[in-house]
file work.tsv (TSV, C-alpha atoms)
chain	number	residue	atom	x	y	z
A	28	MET	CA	0.00	0.00	0.00
A	29	SER	CA	1.38	3.37	-1.00
A	30	GLY	CA	-0.81	5.41	1.33
A	31	GLU	CA	-2.07	7.42	-1.67
A	32	THR	CA	-5.77	7.93	-2.28
A	33	SER	CA	-7.50	6.30	-5.23
A	34	ARG	CA	-8.10	9.83	-6.56
A	35	ASP	CA	-4.35	10.52	-6.54
A	36	LEU	CA	-3.53	7.21	-8.19
A	37	ALA	CA	-6.25	7.61	-10.85
A	38	GLY	CA	-5.07	11.15	-11.49
A	39	ARG	CA	-1.44	10.22	-12.02
A	40	HIS	CA	-1.79	6.81	-13.68
A	41	VAL	CA	-4.88	7.36	-15.80
A	42	ILE	CA	-5.98	11.00	-16.17
A	43	ASP	CA	-2.49	12.43	-16.61
A	44	ARG	CA	-1.12	9.50	-18.64
A	45	ALA	CA	-4.09	9.62	-21.02
A	46	GLY	CA	-3.80	13.40	-21.45
A	47	LEU	CA	-7.34	14.04	-20.25
A	48	ARG	CA	-7.62	17.82	-20.15
A	49	HIS	CA	-11.23	18.14	-18.99
A	50	THR	CA	-11.57	15.32	-16.47
A	51	ARG	CA	-11.51	15.99	-12.75
A	52	PHE	CA	-12.71	14.92	-9.35
A	53	PRO	CA	-14.89	17.67	-7.88
A	54	ASP	CA	-14.34	18.57	-4.25
A	55	GLY	CA	-17.80	18.13	-2.77
A	56	PRO	CA	-21.19	18.57	-4.39
A	57	THR	CA	-20.29	21.32	-6.88
A	58	SER	CA	-18.04	21.28	-9.92
A	59	ASP	CA	-15.96	24.10	-11.32
A	60	GLY	CA	-16.12	24.48	-15.05
A	61	PRO	CA	-18.70	23.35	-17.57
A	62	HIS	CA	-20.79	20.33	-16.70
A	63	ALA	CA	-24.23	18.97	-17.46
A	64	ARG	CA	-27.22	19.36	-15.20
A	65	MET	CA	-28.52	15.99	-14.02
A	66	TYR	CA	-32.12	14.86	-13.43
A	67	GLU	CA	-33.71	11.73	-12.02
A	68	PHE	CA	-37.30	10.77	-12.98
A	69	LEU	CA	-37.25	7.46	-11.04
A	70	TRP	CA	-39.77	5.80	-13.37
A	71	GLY	CA	-42.37	8.49	-12.78
A	72	LEU	CA	-42.10	8.57	-8.99
A	73	LEU	CA	-40.34	11.96	-9.02
A	74	GLU	CA	-42.54	14.45	-10.83
A	75	PRO	CA	-41.04	16.81	-11.76
A	76	PRO	CA	-37.69	15.03	-12.06
A	77	ARG	CA	-35.32	15.69	-9.17
A	78	ASP	CA	-32.30	17.88	-9.93
A	79	HIS	CA	-29.07	16.15	-8.88
A	80	SER	CA	-26.77	18.76	-10.45
A	81	VAL	CA	-25.44	19.75	-7.04
A	82	TYR	CA	-24.79	16.40	-5.43
A	83	ASP	CA	-21.68	14.77	-3.97
A	84	MET	CA	-21.17	11.64	-6.09
A	85	SER	CA	-18.05	10.54	-4.19
A	86	TRP	CA	-20.14	7.85	-2.43
A	87	THR	CA	-19.99	5.87	-5.69
A	88	GLY	CA	-16.19	5.64	-5.71
A	89	THR	CA	-13.74	7.08	-8.18
A	90	GLY	CA	-15.58	6.28	-11.44
A	91	ALA	CA	-18.90	8.02	-11.00
A	92	ALA	CA	-17.34	10.83	-8.97
A	93	LEU	CA	-15.47	12.04	-12.07
A	94	VAL	CA	-16.63	14.90	-14.27
A	95	SER	CA	-15.44	14.55	-17.86
A	96	THR	CA	-16.22	15.31	-21.49
A	97	MET	CA	-17.04	13.04	-24.40
A	98	ASP	CA	-13.74	14.04	-26.06
A	99	ASP	CA	-11.82	12.95	-22.96
A	100	LEU	CA	-13.70	9.64	-22.82
A	101	ASN	CA	-12.84	8.97	-26.45
A	102	ARG	CA	-9.21	9.94	-25.78
A	103	LEU	CA	-9.09	7.62	-22.74
A	104	TYR	CA	-10.28	4.53	-24.60
A	105	ALA	CA	-8.19	5.25	-27.72
A	106	ARG	CA	-5.05	5.52	-25.62
A	107	LEU	CA	-5.95	2.56	-23.43
A	108	LEU	CA	-6.50	0.29	-26.44
A	109	ASP	CA	-3.31	1.42	-28.20
A	110	GLY	CA	-1.19	0.61	-25.15
A	111	ARG	CA	-0.38	4.09	-23.83
A	112	ILE	CA	-2.01	3.71	-20.38
A	113	VAL	CA	-1.36	0.12	-19.30
A	114	SER	CA	1.07	-2.52	-20.56
A	115	ARG	CA	0.01	-4.87	-23.36
A	116	SER	CA	-0.18	-7.76	-20.87
A	117	SER	CA	-2.42	-5.74	-18.54
A	118	LEU	CA	-4.64	-4.78	-21.47
A	119	ALA	CA	-4.86	-8.44	-22.50
A	120	GLN	CA	-6.04	-9.28	-18.97
A	121	MET	CA	-8.64	-6.50	-19.13
A	122	GLN	CA	-9.88	-7.95	-22.42
A	123	ARG	CA	-10.41	-11.45	-21.02
A	124	ALA	CA	-14.14	-10.89	-20.96
A	125	VAL	CA	-16.51	-13.41	-19.42
A	126	PRO	CA	-20.32	-13.51	-19.39
A	127	VAL	CA	-21.82	-11.57	-16.46
A	128	ARG	CA	-25.30	-10.37	-15.64
A	129	ALA	CA	-25.71	-6.60	-15.98
A	130	LEU	CA	-27.83	-4.55	-13.59
A	131	ASP	CA	-30.73	-4.63	-16.07
A	132	GLY	CA	-30.64	-8.44	-16.09
A	133	THR	CA	-29.08	-8.89	-19.53
A	134	MET	CA	-25.93	-10.92	-20.10
A	135	ILE	CA	-22.85	-8.97	-21.22
A	136	GLU	CA	-19.19	-9.78	-21.82
A	137	TYR	CA	-17.08	-8.07	-19.16
A	138	GLY	CA	-13.39	-8.07	-18.25
A	139	PRO	CA	-11.63	-6.15	-15.48
A	140	GLY	CA	-12.86	-2.62	-16.25
A	141	LEU	CA	-13.84	-3.22	-19.88
A	142	HIS	CA	-17.14	-4.18	-21.50
A	143	LYS	CA	-16.87	-6.10	-24.78
A	144	VAL	CA	-19.50	-5.44	-27.44
A	145	VAL	CA	-19.45	-7.38	-30.72
A	146	ILE	CA	-21.45	-5.85	-33.55
A	147	PRO	CA	-21.84	-8.20	-36.53
A	148	GLY	CA	-20.29	-6.70	-39.63
A	149	CYS	CA	-18.69	-3.87	-37.64
A	150	GLY	CA	-16.24	-5.50	-35.26
A	151	THR	CA	-15.45	-5.73	-31.58
A	152	PHE	CA	-15.79	-2.65	-29.40
A	153	TRP	CA	-14.41	-2.06	-25.91
A	154	GLY	CA	-15.49	0.49	-23.34
A	155	HIS	CA	-17.76	0.98	-20.41
A	156	ASP	CA	-21.08	2.45	-19.40
A	157	GLY	CA	-22.36	3.72	-16.13
A	158	THR	CA	-25.10	5.58	-14.38
A	159	VAL	CA	-25.43	7.66	-11.29
A	160	ARG	CA	-28.33	9.72	-10.00
A	161	GLY	CA	-29.40	11.83	-12.95
A	162	ALA	CA	-26.62	10.96	-15.40
A	163	GLY	CA	-25.49	8.15	-17.61
A	164	THR	CA	-22.71	7.57	-20.13
A	165	ILE	CA	-21.57	4.94	-22.56
A	166	SER	CA	-18.25	4.99	-24.37
A	167	LEU	CA	-17.16	2.37	-26.90
A	168	THR	CA	-14.08	2.18	-29.12
A	169	ARG	CA	-13.56	-0.40	-31.86
A	170	ALA	CA	-10.60	-2.67	-31.14
A	171	ASP	CA	-8.67	-1.25	-34.11
A	172	GLY	CA	-9.38	2.32	-32.93
A	173	GLY	CA	-11.16	3.14	-36.19
A	174	ARG	CA	-14.54	3.99	-34.68
A	175	GLN	CA	-15.60	5.55	-31.38
A	176	MET	CA	-18.80	6.61	-29.68
A	177	SER	CA	-19.34	8.35	-26.38
A	178	VAL	CA	-22.81	9.49	-25.32
A	179	ALA	CA	-24.00	11.13	-22.14
A	180	VAL	CA	-27.57	11.60	-20.99
A	181	ASN	CA	-28.64	13.92	-18.20
A	182	LEU	CA	-31.91	12.23	-17.25
A	183	GLN	CA	-32.13	8.75	-15.78
A	184	CYS	CA	-35.02	6.35	-15.25
A	185	TRP	CA	-37.19	8.28	-17.70
A	186	LYS	CA	-39.65	5.47	-18.41
A	187	PRO	CA	-42.81	5.62	-16.34
A	188	ARG	CA	-43.94	2.23	-15.05
A	189	SER	CA	-47.17	0.55	-16.09
A	190	THR	CA	-49.80	-0.47	-13.56
A	191	GLU	CA	-48.08	-3.89	-13.52
A	192	GLY	CA	-44.82	-2.20	-12.46
A	193	THR	CA	-42.89	-2.81	-15.68
A	194	PRO	CA	-41.26	0.07	-17.56
A	195	ARG	CA	-43.33	1.32	-20.49
A	196	PRO	CA	-41.67	1.71	-23.89
A	197	HIS	CA	-40.36	5.25	-24.35
A	198	PRO	CA	-39.26	7.17	-27.49
A	199	THR	CA	-35.95	8.03	-25.77
A	200	ASP	CA	-34.94	4.35	-25.84
A	201	THR	CA	-35.73	4.06	-29.55
A	202	ALA	CA	-33.76	7.23	-30.30
A	203	LEU	CA	-30.75	6.08	-28.26
A	204	ARG	CA	-30.70	2.65	-29.95
A	205	ALA	CA	-30.77	4.35	-33.37
A	206	LEU	CA	-27.97	6.73	-32.30
A	207	TYR	CA	-25.79	3.86	-31.04
A	208	ASP	CA	-26.40	1.81	-34.17
A	209	ARG	CA	-25.61	4.68	-36.52
A	210	SER	CA	-22.57	5.80	-34.50
A	211	LEU	CA	-20.93	2.38	-34.36
A	212	ARG	CA	-21.51	1.30	-37.94
A	213	ASP	CA	-19.14	2.48	-40.64
A	214	ALA	CA	-20.61	5.14	-42.91
call {"tool": "encode", "arguments": {"input": "work.tsv", "output": "structure tokens"}}
result
Amino acid sequence: MSGETSRDLAGRHVIDRAGLRHTRFPDGPTSDGPHARMYEFLWGLLEPPRDHSVYDMSWTGTGAALVSTMDDLNRLYARLLDGRIVSRSSLAQMQRAVPVRALDGTMIEYGPGLHKVVIPGCGTFWGHDGTVRGAGTISLTRADGGRQMSVAVNLQCWKPRSTEGTPRPHPTDTALRALYDRSLRDA
């Protein structure tokens, strides 16, 4: 143990090494600099949606406590996959993906810190997604670095539930699926 905080280690070994210019750990519930406002609908239980823009996310650990940009997320995964952040052997370990159950119940391929997504006809993508109160992101980079997509949303749990308690279909889901499909497929 070095006695350093995870924030210090992530800063030096990931943020600095990757050249992330707009990624930071806020001190407390507010963030200096540009950042999105964040809202939680909680499947219709919070009407109007609750504003979580001023909220200390440090309870989630280092990942969700970060504030970043889509450019920095793309830069992070491009540099990770081309070997500029971790050694090739460490990257190979991260890419040893196994089937795991995601929070939504679906099965995904996941390695230490990397989600594997195979899109027929387009290739294998690596990245990660995540949510926190009022915000969500997904960032995927094709294994050869030739295609990237990072998307952030600033409203979570937008689907109201039916009387049976299941989420109702919502146009946002259809739009996001179309965006992901178009973004990841070669033009």
call {"tool": "residues_near_point", "arguments": {"input": "work.tsv", "point": "(-21.1, 7.8, -29.8)", "cutoff": "8 Å", "atoms": "all atoms listed in the file", "output": "MDAnalysis selection string"}}
result
chainID A and resid 165:167 175:178 206:207 210:211
call {"tool": "residues_around", "arguments": {"input": "work.tsv", "residues": "range 138-145 of chain A", "least_positions_apart": "4", "cutoff": "10 Å", "atoms": "only C-alpha atoms", "output": "PyMOL selection string"}}
result
chain A and resi 104+117-127+149-156+166-170
call {"tool": "closest_residue", "arguments": {"input": "work.tsv", "among": "A:Ile135, A:Ala37, A:Leu73, A:Leu47", "to": "Ser95 in chain A", "atoms": "only C-alpha atoms"}}
result
A:Leu47
call {"tool": "residues_near_point", "arguments": {"input": "work.tsv", "point": "(-17.4, 10.5, -4.8)", "cutoff": "10 Å", "atoms": "all atoms listed in the file", "output": "list in words"}}
result
Arg34, Phe52, Pro53, Asp54, Gly55, Pro56, Tyr82, Asp83, Met84, Ser85, Trp86, Thr87, Gly88, Thr89, Gly90, Ala91, Ala92 and Leu93 of chain A
call {"tool": "closest_residue", "arguments": {"input": "work.tsv", "among": "A:Ser58, A:Thr190, A:Asn101, A:Thr133", "to": "Arg174 in chain A", "atoms": "all atoms listed in the file"}}
result
A:Asn101
call {"tool": "closest_residue", "arguments": {"input": "work.tsv", "among": "A:Arg160, A:His40, A:Arg188, A:Arg106", "to": "Arg64 in chain A", "atoms": "all atoms listed in the file"}}
result
A:Arg160
call {"tool": "axis_aligned_box", "arguments": {"input": "work.tsv", "around": "range 122-128 of chain A", "padding_each_side": "5 Å", "output": "lines of an AutoDock Vina configuration file"}}
result
center_x = -17.6
center_y = -10.7
center_z = -19.0
size_x = 25.4
size_y = 15.6
size_z = 16.8
call {"tool": "atom_distance", "arguments": {"input": "work.tsv", "atom1": "CA of Leu36 in chain A", "atom2": "CA of Arg102 in chain A"}}
result
18.7 Å
call {"tool": "closest_residue", "arguments": {"input": "work.tsv", "among": "A:Ala129, A:Leu108, A:Leu103, A:Met97", "to": "Asp43 in chain A", "atoms": "only C-alpha atoms"}}
result
A:Leu103
call {"tool": "decode", "arguments": {"input": "work.tsv", "residues": "range 125-147 of chain A", "atoms": "N, CA and C atoms", "output": "PDB file, in the first residue's frame"}}
result
ATOM      1  N   VAL A 125     -15.693 -12.236 -19.733  1.00  0.00           N
ATOM      2  CA  VAL A 125     -16.511 -13.406 -19.420  1.00  0.00           C
ATOM      3  C   VAL A 125     -17.966 -12.958 -19.321  1.00  0.00           C
ATOM      4  N   PRO A 126     -18.905 -13.885 -19.507  1.00  0.00           N
ATOM      5  CA  PRO A 126     -20.319 -13.508 -19.388  1.00  0.00           C
ATOM      6  C   PRO A 126     -20.671 -13.137 -17.940  1.00  0.00           C
ATOM      7  N   VAL A 127     -21.314 -12.000 -17.771  1.00  0.00           N
ATOM      8  CA  VAL A 127     -21.818 -11.568 -16.464  1.00  0.00           C
ATOM      9  C   VAL A 127     -23.205 -10.967 -16.655  1.00  0.00           C
ATOM     10  N   ARG A 128     -23.965 -10.951 -15.588  1.00  0.00           N
ATOM     11  CA  ARG A 128     -25.304 -10.373 -15.637  1.00  0.00           C
ATOM     12  C   ARG A 128     -25.215  -8.885 -15.301  1.00  0.00           C
ATOM     13  N   ALA A 129     -25.695  -8.044 -16.190  1.00  0.00           N
ATOM     14  CA  ALA A 129     -25.712  -6.597 -15.978  1.00  0.00           C
ATOM     15  C   ALA A 129     -26.833  -6.226 -15.010  1.00  0.00           C
ATOM     16  N   LEU A 130     -26.812  -5.001 -14.540  1.00  0.00           N
ATOM     17  CA  LEU A 130     -27.834  -4.551 -13.592  1.00  0.00           C
ATOM     18  C   LEU A 130     -29.248  -4.650 -14.148  1.00  0.00           C
ATOM     19  N   ASP A 131     -29.393  -4.535 -15.475  1.00  0.00           N
ATOM     20  CA  ASP A 131     -30.730  -4.634 -16.067  1.00  0.00           C
ATOM     21  C   ASP A 131     -31.149  -6.080 -16.322  1.00  0.00           C
ATOM     22  N   GLY A 132     -30.299  -7.036 -15.946  1.00  0.00           N
ATOM     23  CA  GLY A 132     -30.636  -8.441 -16.092  1.00  0.00           C
ATOM     24  C   GLY A 132     -30.107  -9.095 -17.352  1.00  0.00           C
ATOM     25  N   THR A 133     -29.609  -8.317 -18.299  1.00  0.00           N
ATOM     26  CA  THR A 133     -29.082  -8.890 -19.532  1.00  0.00           C
ATOM     27  C   THR A 133     -27.683  -9.459 -19.296  1.00  0.00           C
ATOM     28  N   MET A 134     -27.280 -10.358 -20.163  1.00  0.00           N
ATOM     29  CA  MET A 134     -25.927 -10.917 -20.098  1.00  0.00           C
ATOM     30  C   MET A 134     -25.020 -10.084 -20.993  1.00  0.00           C
ATOM     31  N   ILE A 135     -23.845  -9.718 -20.465  1.00  0.00           N
ATOM     32  CA  ILE A 135     -22.854  -8.971 -21.219  1.00  0.00           C
ATOM     33  C   ILE A 135     -21.507  -9.663 -21.073  1.00  0.00           C
ATOM     34  N   GLU A 136     -20.557  -9.306 -21.916  1.00  0.00           N
ATOM     35  CA  GLU A 136     -19.187  -9.780 -21.823  1.00  0.00           C
ATOM     36  C   GLU A 136     -18.390  -8.706 -21.102  1.00  0.00           C
ATOM     37  N   TYR A 137     -17.763  -9.071 -19.980  1.00  0.00           N
ATOM     38  CA  TYR A 137     -17.077  -8.075 -19.164  1.00  0.00           C
ATOM     39  C   TYR A 137     -15.743  -8.609 -18.668  1.00  0.00           C
ATOM     40  N   GLY A 138     -14.712  -7.787 -18.797  1.00  0.00           N
ATOM     41  CA  GLY A 138     -13.395  -8.075 -18.249  1.00  0.00           C
ATOM     42  C   GLY A 138     -13.103  -7.049 -17.170  1.00  0.00           C
ATOM     43  N   PRO A 139     -11.952  -7.132 -16.528  1.00  0.00           N
ATOM     44  CA  PRO A 139     -11.633  -6.153 -15.484  1.00  0.00           C
ATOM     45  C   PRO A 139     -11.627  -4.718 -16.024  1.00  0.00           C
ATOM     46  N   GLY A 140     -12.755  -4.021 -15.851  1.00  0.00           N
ATOM     47  CA  GLY A 140     -12.860  -2.621 -16.254  1.00  0.00           C
ATOM     48  C   GLY A 140     -13.264  -2.366 -17.684  1.00  0.00           C
ATOM     49  N   LEU A 141     -13.459  -3.403 -18.480  1.00  0.00           N
ATOM     50  CA  LEU A 141     -13.845  -3.222 -19.883  1.00  0.00           C
ATOM     51  C   LEU A 141     -15.041  -4.087 -20.243  1.00  0.00           C
ATOM     52  N   HIS A 142     -15.958  -3.495 -20.974  1.00  0.00           N
ATOM     53  CA  HIS A 142     -17.139  -4.177 -21.501  1.00  0.00           C
ATOM     54  C   HIS A 142     -16.855  -4.457 -22.971  1.00  0.00           C
ATOM     55  N   LYS A 143     -17.065  -5.698 -23.387  1.00  0.00           N
ATOM     56  CA  LYS A 143     -16.869  -6.105 -24.775  1.00  0.00           C
ATOM     57  C   LYS A 143     -18.210  -6.128 -25.484  1.00  0.00           C
ATOM     58  N   VAL A 144     -18.279  -5.466 -26.644  1.00  0.00           N
ATOM     59  CA  VAL A 144     -19.498  -5.443 -27.443  1.00  0.00           C
ATOM     60  C   VAL A 144     -19.117  -5.840 -28.865  1.00  0.00           C
ATOM     61  N   VAL A 145     -19.708  -6.926 -29.353  1.00  0.00           N
ATOM     62  CA  VAL A 145     -19.452  -7.377 -30.721  1.00  0.00           C
ATOM     63  C   VAL A 145     -20.657  -6.993 -31.571  1.00  0.00           C
ATOM     64  N   ILE A 146     -20.390  -6.260 -32.637  1.00  0.00           N
ATOM     65  CA  ILE A 146     -21.453  -5.845 -33.552  1.00  0.00           C
ATOM     66  C   ILE A 146     -21.187  -6.528 -34.891  1.00  0.00           C
ATOM     67  N   PRO A 147     -22.058  -7.475 -35.272  1.00  0.00           N
ATOM     68  CA  PRO A 147     -21.843  -8.200 -36.526  1.00  0.00           C
ATOM     69  C   PRO A 147     -21.631  -7.252 -37.701  1.00  0.00           C
TER      70      PRO A 147
END
